[in-house]
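Text of target04.txt, listed as compact mmCIF, C-alpha atoms:
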# COMPACT_ATOMS: atom_id res chain seq x y z
CA MET Y 1 227.46 228.05 192.27
CA THR Y 2 226.71 230.10 189.17
CA SER Y 3 228.33 232.91 187.24
CA VAL Y 4 227.35 236.29 185.86
CA ALA Y 5 229.45 237.54 182.98
CA GLY Y 6 231.94 240.31 183.63
CA LEU Y 7 231.86 240.38 187.44
CA PRO Y 8 234.93 241.50 189.37
CA ALA Y 9 236.48 239.18 191.95
CA SER Y 10 234.96 241.39 194.67
CA VAL Y 11 231.41 240.34 193.77
CA ARG Y 12 230.45 236.68 194.16
CA VAL Y 13 227.11 235.12 193.29
CA GLU Y 14 225.59 231.78 194.21
CA VAL Y 15 222.17 230.32 193.42
CA ASP Y 16 220.19 228.53 196.11
CA GLY Y 17 217.00 227.33 194.43
CA GLU Y 18 215.05 230.45 193.46
CA VAL Y 19 217.29 232.68 195.60
CA LEU Y 20 220.35 234.51 194.31
CA VAL Y 21 223.00 235.09 196.99
CA VAL Y 22 225.16 238.13 196.22
CA LEU Y 23 228.32 238.57 198.28
CA VAL Y 24 230.63 241.58 198.50
CA ASP Y 25 234.03 239.91 198.83
CA ARG Y 26 236.59 242.45 200.09
CA PRO Y 27 237.03 241.34 203.72
CA HIS Y 28 240.52 242.86 203.90
CA LYS Y 29 238.80 246.25 203.43
CA ARG Y 30 235.81 245.45 205.68
CA ASN Y 31 234.01 245.15 202.31
CA ALA Y 32 234.45 248.84 201.53
CA ILE Y 33 233.30 249.39 197.96
CA ASP Y 34 235.35 250.68 195.07
CA ASP Y 35 233.96 251.59 191.64
CA GLU Y 36 234.62 248.13 190.21
CA THR Y 37 232.56 246.54 192.98
CA ILE Y 38 229.58 248.91 192.79
CA LEU Y 39 229.43 248.46 189.01
CA GLY Y 40 229.60 244.70 189.51
CA LEU Y 41 226.58 244.88 191.81
CA GLU Y 42 224.74 246.88 189.18
CA ARG Y 43 225.46 244.17 186.61
CA VAL Y 44 224.04 241.49 188.90
CA PHE Y 45 220.80 243.28 189.75
CA LEU Y 46 220.12 244.60 186.25
CA ASP Y 47 220.47 241.15 184.72
CA PRO Y 48 220.12 238.39 187.35
CA PRO Y 49 220.38 234.74 186.28
CA ASP Y 50 217.29 233.08 184.85
CA GLY Y 51 215.08 231.28 187.34
CA VAL Y 52 215.83 233.34 190.45
CA ARG Y 53 212.95 235.20 192.09
CA ALA Y 54 214.60 236.83 195.12
CA ALA Y 55 218.06 237.80 196.34
CA VAL Y 56 220.12 237.98 199.51
CA LEU Y 57 222.87 240.59 199.72
CA ALA Y 58 225.65 240.09 202.29
CA GLY Y 59 229.33 240.64 202.92
CA VAL Y 60 232.09 238.05 203.21
CA GLY Y 61 233.72 237.92 206.64
CA ASP Y 62 232.80 239.90 209.73
CA HIS Y 63 231.32 243.02 208.08
CA PHE Y 64 228.54 243.92 205.69
CA CYS Y 65 230.17 247.01 204.22
CA ALA Y 66 232.31 249.80 205.66
CA GLY Y 67 231.22 252.22 202.96
CA LEU Y 68 233.02 253.80 200.06
CA ASP Y 69 236.68 252.80 199.68
CA LEU Y 70 238.13 256.30 199.93
CA SER Y 71 241.64 255.03 199.21
CA SER Y 72 240.54 254.08 195.69
CA LEU Y 73 239.46 257.64 194.89
CA GLY Y 74 241.76 260.32 193.60
CA GLU Y 75 241.06 264.03 193.67
CA THR Y 76 237.94 264.82 191.68
CA SER Y 77 236.34 267.92 190.27
CA VAL Y 78 232.86 269.01 191.29
CA ILE Y 79 231.27 267.61 188.15
CA GLU Y 80 233.15 264.32 188.54
CA GLY Y 81 231.78 264.11 192.06
CA VAL Y 82 228.26 264.65 190.76
CA HIS Y 83 228.67 261.88 188.20
CA HIS Y 84 230.09 259.51 190.82
CA SER Y 85 227.15 260.14 193.14
CA ARG Y 86 224.70 259.63 190.28
CA MET Y 87 226.38 256.32 189.49
CA TRP Y 88 225.66 255.16 193.04
CA HIS Y 89 222.08 256.38 192.68
CA ARG Y 90 221.74 254.33 189.51
CA VAL Y 91 223.02 251.19 191.21
CA THR Y 92 220.95 251.52 194.37
CA GLN Y 93 217.85 252.14 192.26
CA ALA Y 94 218.65 248.96 190.31
CA ILE Y 95 218.41 247.18 193.67
CA GLN Y 96 215.37 248.98 195.07
CA LEU Y 97 213.36 249.13 191.85
CA GLY Y 98 214.60 245.95 190.18
CA ARG Y 99 212.58 242.80 189.59
CA LEU Y 100 213.90 240.89 192.63
CA PRO Y 101 212.98 241.43 196.28
CA VAL Y 102 216.33 241.84 198.05
CA VAL Y 103 217.10 240.87 201.65
CA SER Y 104 220.29 242.27 203.16
CA VAL Y 105 222.07 240.41 205.95
CA LEU Y 106 223.85 242.92 208.18
CA LYS Y 107 226.70 242.29 210.59
CA GLY Y 108 229.70 244.28 211.74
CA ALA Y 109 230.21 247.60 209.95
CA VAL Y 110 227.18 248.98 208.10
CA ILE Y 111 228.45 252.51 207.70
CA GLY Y 112 228.43 255.29 205.12
CA GLY Y 113 227.92 253.78 201.69
CA GLY Y 114 227.26 250.42 203.33
CA LEU Y 115 224.23 251.88 205.08
CA GLU Y 116 223.14 253.47 201.79
CA LEU Y 117 223.42 250.09 200.10
CA ALA Y 118 221.43 248.37 202.86
CA SER Y 119 218.72 251.04 202.78
CA ALA Y 120 218.09 250.24 199.10
CA THR Y 121 217.19 246.64 199.95
CA HIS Y 122 213.62 245.67 200.77
CA LEU Y 123 214.17 243.65 203.95
CA ARG Y 124 217.05 244.07 206.39
CA VAL Y 125 218.16 241.40 208.85
CA ALA Y 126 220.73 242.29 211.52
CA GLU Y 127 222.94 240.20 213.76
CA PRO Y 128 223.99 241.62 217.17
CA SER Y 129 227.42 242.61 215.83
CA ALA Y 130 225.94 245.11 213.37
CA PHE Y 131 226.63 248.81 213.93
CA TYR Y 132 225.55 251.83 211.91
CA ALA Y 133 227.05 255.25 211.27
CA LEU Y 134 227.29 258.08 208.75
CA PRO Y 135 230.86 259.31 209.22
CA GLU Y 136 230.70 261.62 206.20
CA GLY Y 137 229.87 264.56 208.44
CA GLN Y 138 233.10 264.07 210.42
CA ARG Y 139 235.14 263.81 207.22
CA GLY Y 140 233.95 267.06 205.68
CA ILE Y 141 231.83 265.42 203.01
CA PHE Y 142 228.17 264.58 202.47
CA VAL Y 143 226.32 261.37 201.69
CA GLY Y 144 226.11 260.64 197.96
CA GLY Y 145 224.59 257.19 197.53
CA GLY Y 146 220.95 257.99 198.29
CA ALA Y 147 221.02 258.21 202.10
CA SER Y 148 219.47 261.68 202.27
CA VAL Y 149 216.42 260.34 200.40
CA ARG Y 150 216.05 256.84 201.85
CA LEU Y 151 217.18 257.12 205.47
CA PRO Y 152 214.79 259.91 206.52
CA ARG Y 153 211.98 257.66 205.31
CA LEU Y 154 213.28 254.88 207.57
CA ILE Y 155 214.40 256.71 210.70
CA GLY Y 156 213.32 260.35 210.30
CA VAL Y 157 215.24 263.54 209.52
CA ALA Y 158 216.10 264.21 213.19
CA ARG Y 159 217.88 260.88 213.67
CA MET Y 160 219.80 261.22 210.42
CA THR Y 161 220.79 264.76 211.39
CA ASP Y 162 222.14 263.43 214.70
CA LEU Y 163 224.18 260.73 212.91
CA MET Y 164 225.65 263.27 210.49
CA LEU Y 165 226.40 266.07 212.98
CA THR Y 166 227.75 264.08 215.93
CA GLY Y 167 229.25 260.94 214.44
CA ARG Y 168 226.90 258.89 216.61
CA VAL Y 169 227.05 255.12 216.16
CA TYR Y 170 223.97 252.92 216.60
CA ASP Y 171 224.45 249.35 217.76
CA ALA Y 172 222.24 246.58 216.37
CA ALA Y 173 219.50 247.04 218.97
CA GLU Y 174 219.42 250.84 218.61
CA GLY Y 175 219.33 250.57 214.82
CA HIS Y 176 216.48 248.08 215.01
CA ALA Y 177 214.49 250.27 217.39
CA ALA Y 178 215.06 253.30 215.14
CA GLY Y 179 213.70 251.45 212.09
CA LEU Y 180 216.86 250.61 210.18
CA THR Y 181 216.07 246.88 210.22
CA GLN Y 182 212.94 244.74 210.27
CA TYR Y 183 214.56 241.67 211.83
CA LEU Y 184 217.11 241.26 214.63
CA VAL Y 185 218.40 237.71 215.06
CA ALA Y 186 220.98 235.85 217.11
CA GLU Y 187 224.65 235.83 216.17
CA GLY Y 188 225.29 233.55 213.21
CA GLU Y 189 221.63 233.31 212.20
CA GLY Y 190 221.53 236.20 209.74
CA MET Y 191 222.09 234.24 206.54
CA THR Y 192 219.68 231.46 207.54
CA THR Y 193 216.98 234.03 208.27
CA GLY Y 194 217.80 236.01 205.14
CA LEU Y 195 217.46 232.92 202.95
CA GLU Y 196 214.18 231.97 204.63
CA LEU Y 197 212.75 235.44 204.07
CA ALA Y 198 213.95 235.47 200.45
CA ARG Y 199 212.28 232.11 199.82
CA ARG Y 200 209.03 233.44 201.26
CA ALA Y 201 209.27 236.52 199.05
CA ALA Y 202 210.01 234.32 196.03
CA SER Y 203 206.71 232.50 196.60
CA VAL Y 204 204.63 235.69 196.25
CA ALA Y 205 202.47 235.80 193.11
CA PRO Y 206 204.22 237.64 190.25
CA VAL Y 207 201.60 240.38 189.94
CA THR Y 208 201.61 241.01 193.69
CA LEU Y 209 205.40 241.06 193.67
CA PHE Y 210 205.37 243.64 190.90
CA ALA Y 211 202.87 245.73 192.88
CA VAL Y 212 205.00 245.65 196.04
CA LEU Y 213 208.31 246.40 194.32
CA GLN Y 214 207.15 248.87 191.68
CA ALA Y 215 203.82 250.39 192.71
CA LEU Y 216 204.14 250.58 196.50
CA PRO Y 217 207.19 252.91 196.66
CA ARG Y 218 205.62 255.21 194.08
CA ILE Y 219 202.29 255.24 195.92
CA ALA Y 220 204.14 256.10 199.14
CA ASP Y 221 205.79 259.06 197.39
CA ALA Y 222 202.57 260.29 195.79
CA GLY Y 223 199.97 262.64 197.25
CA PRO Y 224 197.08 260.90 199.05
CA GLN Y 225 194.53 261.26 196.25
CA GLU Y 226 196.96 260.09 193.56
CA GLY Y 227 198.03 257.26 195.87
CA TYR Y 228 194.47 256.05 196.38
CA LEU Y 229 193.89 255.98 192.63
CA LEU Y 230 197.13 254.09 191.95
CA GLU Y 231 196.25 251.62 194.71
CA SER Y 232 192.81 250.97 193.19
CA LEU Y 233 194.27 250.37 189.75
CA MET Y 234 196.96 248.02 191.08
CA ALA Y 235 194.46 246.16 193.28
CA ALA Y 236 192.19 245.57 190.28
CA VAL Y 237 195.08 244.30 188.16
CA ALA Y 238 196.25 241.94 190.91
CA GLN Y 239 192.89 240.45 191.80
CA GLY Y 240 192.06 239.95 188.13
CA SER Y 241 195.05 237.68 187.54
CA ASP Y 242 194.56 233.94 187.13
CA GLU Y 243 196.99 233.15 189.95
CA ALA Y 244 195.12 235.41 192.36
CA LYS Y 245 191.87 233.64 191.54
CA GLU Y 246 193.49 230.24 192.07
CA ARG Y 247 194.99 231.28 195.41
CA MET Y 248 191.70 232.72 196.64
CA GLN Y 249 189.88 229.51 195.71
CA ALA Y 250 192.51 227.50 197.57
CA PHE Y 251 192.00 229.67 200.66
CA LEU Y 252 188.21 229.42 200.52
CA ALA Y 253 188.48 225.65 200.10
CA GLY Y 254 190.69 225.39 203.18
CA ARG Y 255 193.81 224.39 201.25
CA ALA Y 256 195.80 227.52 202.18
CA ALA Y 257 197.28 228.39 205.57
CA LYS Y 258 195.47 230.92 207.72
CA VAL Y 259 197.17 233.83 209.45
CA THR Y 260 198.10 233.03 213.07
CA ASP Y 261 200.16 234.72 215.76
CA THR Y 262 203.06 232.32 215.17
CA PRO Y 263 206.21 234.25 214.11
CA ALA Y 264 206.75 234.08 210.36
CA VAL Y 265 210.48 233.49 210.79
CA GLY Y 266 211.87 231.54 213.70
CA GLY Y 267 213.98 233.51 216.16
CA ALA Y 268 213.55 236.90 214.49
CA ARG Y 269 212.43 239.96 216.43
Can the structure from this file be put into structure tokens for me?
Amino acid sequence: MTSVAGLPASVRVEVDGEVLVVLVDRPHKRNAIDDETILGLERVFLDPPDGVRAAVLAGVGDHFCAGLDLSSLGETSVIEGVHHSRMWHRVTQAIQLGRLPVVSVLKGAVIGGGLELASATHLRVAEPSAFYALPEGQRGIFVGGGASVRLPRLIGVARMTDLMLTGRVYDAAEGHAAGLTQYLVAEGEGMTTGLELARRAASVAPVTLFAVLQALPRIADAGPQEGYLLESLMAAVAQGSDEAKERMQAFLAGRAAKVTDTPAVGGAR
């Protein structure tokens, strides 16, 4: 157990070796997020404890996150709504573009803001109980936590349009097939798999980790010619590092594992 200064009771953190476990702890609300909670998450990911190199994000109880806690919001003006949305953008960018690779463990409700939060993580692991929806369309509002930018990149504009216009709900298998998650595991195995994936990510060389977290998303958003140039520059920086040279020598000397067709994580699909 560890502590991060100034966190609300709704955000718990634990350290497991090099992995930081971040838990949204509002099970009585299906982990729906109020302002205090989202700002607590920002605090964690902007300034994680020393010594951690990856993170797992999960919810306490049976649900990951049922979205924004609408009961905590009063009536707002248009400009207040803009600022609230931009706050969520700031927090989700702190997750996506922070220094830690983040694995989310999804079960139960992953809806609205919960799906926006999950989409900001780098790896997503789902248990069979997970279900996904964007109910904003049925409530007369629009997504505001980054979904309209991130989700089309994961599942396409047409699928997101369907979710918004019809209130459609994806179960765990449908969400996995659509591209919402990279791993689908058996009931109760989400956290074990999430921790294993986070440990693997924590073992990646620092320069490569920087390239994956910081350069890769920007290359993906760039035009092809700009992307090729950025890739070349990042590749040269990475292969010129001392750790890269040591790892290549270990591979050539037969001291490093070779790639096989054995699944990287047991039980995951």
Region 68-168 of chain Y residues near region 179-203 of chain Y within 10 Å, closest pair each, using all atoms listed in the file, as a tab-separated table:
residue	atom	partner	partner_atom	distance
Y:Leu100	CA	Y:Ala202	CA	8.4
Y:Pro101	CA	Y:Ala201	CA	6.7
Y:Val102	CA	Y:Ala198	CA	7.2
Y:Val103	CA	Y:Gly194	CA	6.0
Y:Ser104	CA	Y:Gly194	CA	7.0
Y:Val105	CA	Y:Gly190	CA	5.7
Y:Leu106	CA	Y:Gly190	CA	7.3
Y:Lys107	CA	Y:Gly190	CA	8.0
Y:Leu115	CA	Y:Leu180	CA	9.1
Y:Ala118	CA	Y:Leu180	CA	8.9
Y:Ser119	CA	Y:Leu180	CA	7.6
Y:His122	CA	Y:Gln182	CA	9.6
Y:Leu123	CA	Y:Gln182	CA	6.5
Y:Arg124	CA	Y:Thr181	CA	4.9
Y:Val125	CA	Y:Tyr183	CA	4.7
Y:Ala126	CA	Y:Leu184	CA	4.9
Y:Glu127	CA	Y:Glu187	CA	5.3
Y:Pro128	CA	Y:Glu187	CA	5.9
Y:Ser129	CA	Y:Glu187	CA	7.3
Y:Ala130	CA	Y:Leu184	CA	9.7
Y:Tyr132	CA	Y:Leu180	CA	8.9
Y:Leu151	CA	Y:Leu180	CA	8.0
Y:Arg153	CA	Y:Gly179	CA	9.4
Y:Leu154	CA	Y:Gly179	CA	5.7
Y:Ile155	CA	Y:Gly179	CA	5.5
Y:Gly156	CA	Y:Gly179	CA	9.1
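Counting all atoms listed in the file, the residue from Y:Gly175, Y:Asp35, Y:Asp221, Y:Ala158 that sits nearest to Ser71 (chain Y) is Y:Asp35.
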Take CA of Ala205 (chain Y) and CA of Pro217 (chain Y) and report the distance between them in Å, one decimal.
18.1 Å
Val157 (chain Y) environment, 12 Å, all atoms listed in the file, sequence neighbours closer than 6 positions dropped, as a VMD selection string:
chain Y and resid 147 to 151 163 to 165 178
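Across the model, the gap from CA of Leu57 (chain Y) to CA of Arg99 (chain Y) is 14.6 Å.
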Measuring atom to atom with all atoms listed in the file, identify which of Y:Val56, Y:Val169, Y:Met87, Y:Leu70 is nearest to Thr121 (chain Y).
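Ranking Y:Val56, Y:Val169, Y:Met87, Y:Leu70 by distance to Thr121 (chain Y), first place goes to Y:Val56.
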Of the candidates Y:Val19, Y:Leu68, Y:Ala32, Y:Leu39, which one gets nearest to Arg53 (chain Y) if we count only C-alpha atoms?
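Between Y:Val19, Y:Leu68, Y:Ala32, Y:Leu39, the residue approaching Arg53 (chain Y) most closely is Y:Val19.
The gap separating CA of Val143 (chain Y) from CA of Thr161 (chain Y) is 11.7 Å, in Å to one decimal.
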In terms of the shortest atom-to-atom distance over only C-alpha atoms, which of Y:Ala177, Y:Leu97, Y:Ile79, Y:Leu23 is closest to Ala211 (chain Y)?
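Under the stated criterion, the closest residue is Y:Leu97.
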Work out where the centre of an axis-aligned box around every listed atom of region 177-183 of chain Y lies and how long its edges are once 6 Å is added on each side; give both in Å to one decimal as AutoDock Vina command-line options.
--center_x 214.9 --center_y 247.5 --center_z 213.8 --size_x 15.9 --size_y 23.6 --size_z 19.2
With distances taken over only C-alpha atoms, which residue among Y:Leu46, Y:Ala268, Y:Val22, Y:Ala54 lies nearest Leu209 (chain Y)?
Y:Ala54
Under the rule that only C-alpha atoms are counted, which of Y:Gly146, Y:Pro135, Y:Gly40, Y:Pro8 is the nearest residue to Trp88 (chain Y)?
Y:Gly146
Which polymer residues have any atom within 8 Å of an atom of Gly67 (chain Y), counting all atoms listed in the file, with same-chain residues fewer than 2 positions away left out, as a ChimeraX atom specification?
/Y:31-33,65,69,110-115
Can you list every residue of region 60-178 of chain Y that has an atom at most 8 Å from region 26-29 of chain Y, with its nearest atom pair and the distance in Å to one decimal, using all atoms listed in the file, ordered by chain then number, as a Markdown table?
| residue | atom | partner | partner_atom | distance |
| --- | --- | --- | --- | --- |
| Y:Val60 | CA | Y:Pro27 | CA | 6.0 |
| Y:Gly61 | CA | Y:Pro27 | CA | 5.6 |
| Y:Asp62 | CA | Y:Pro27 | CA | 7.5 |
| Y:His63 | CA | Y:Pro27 | CA | 7.4 |
| Y:Ala66 | CA | Y:Lys29 | CA | 7.7 |
| Y:Asp69 | CA | Y:Lys29 | CA | 7.8 |
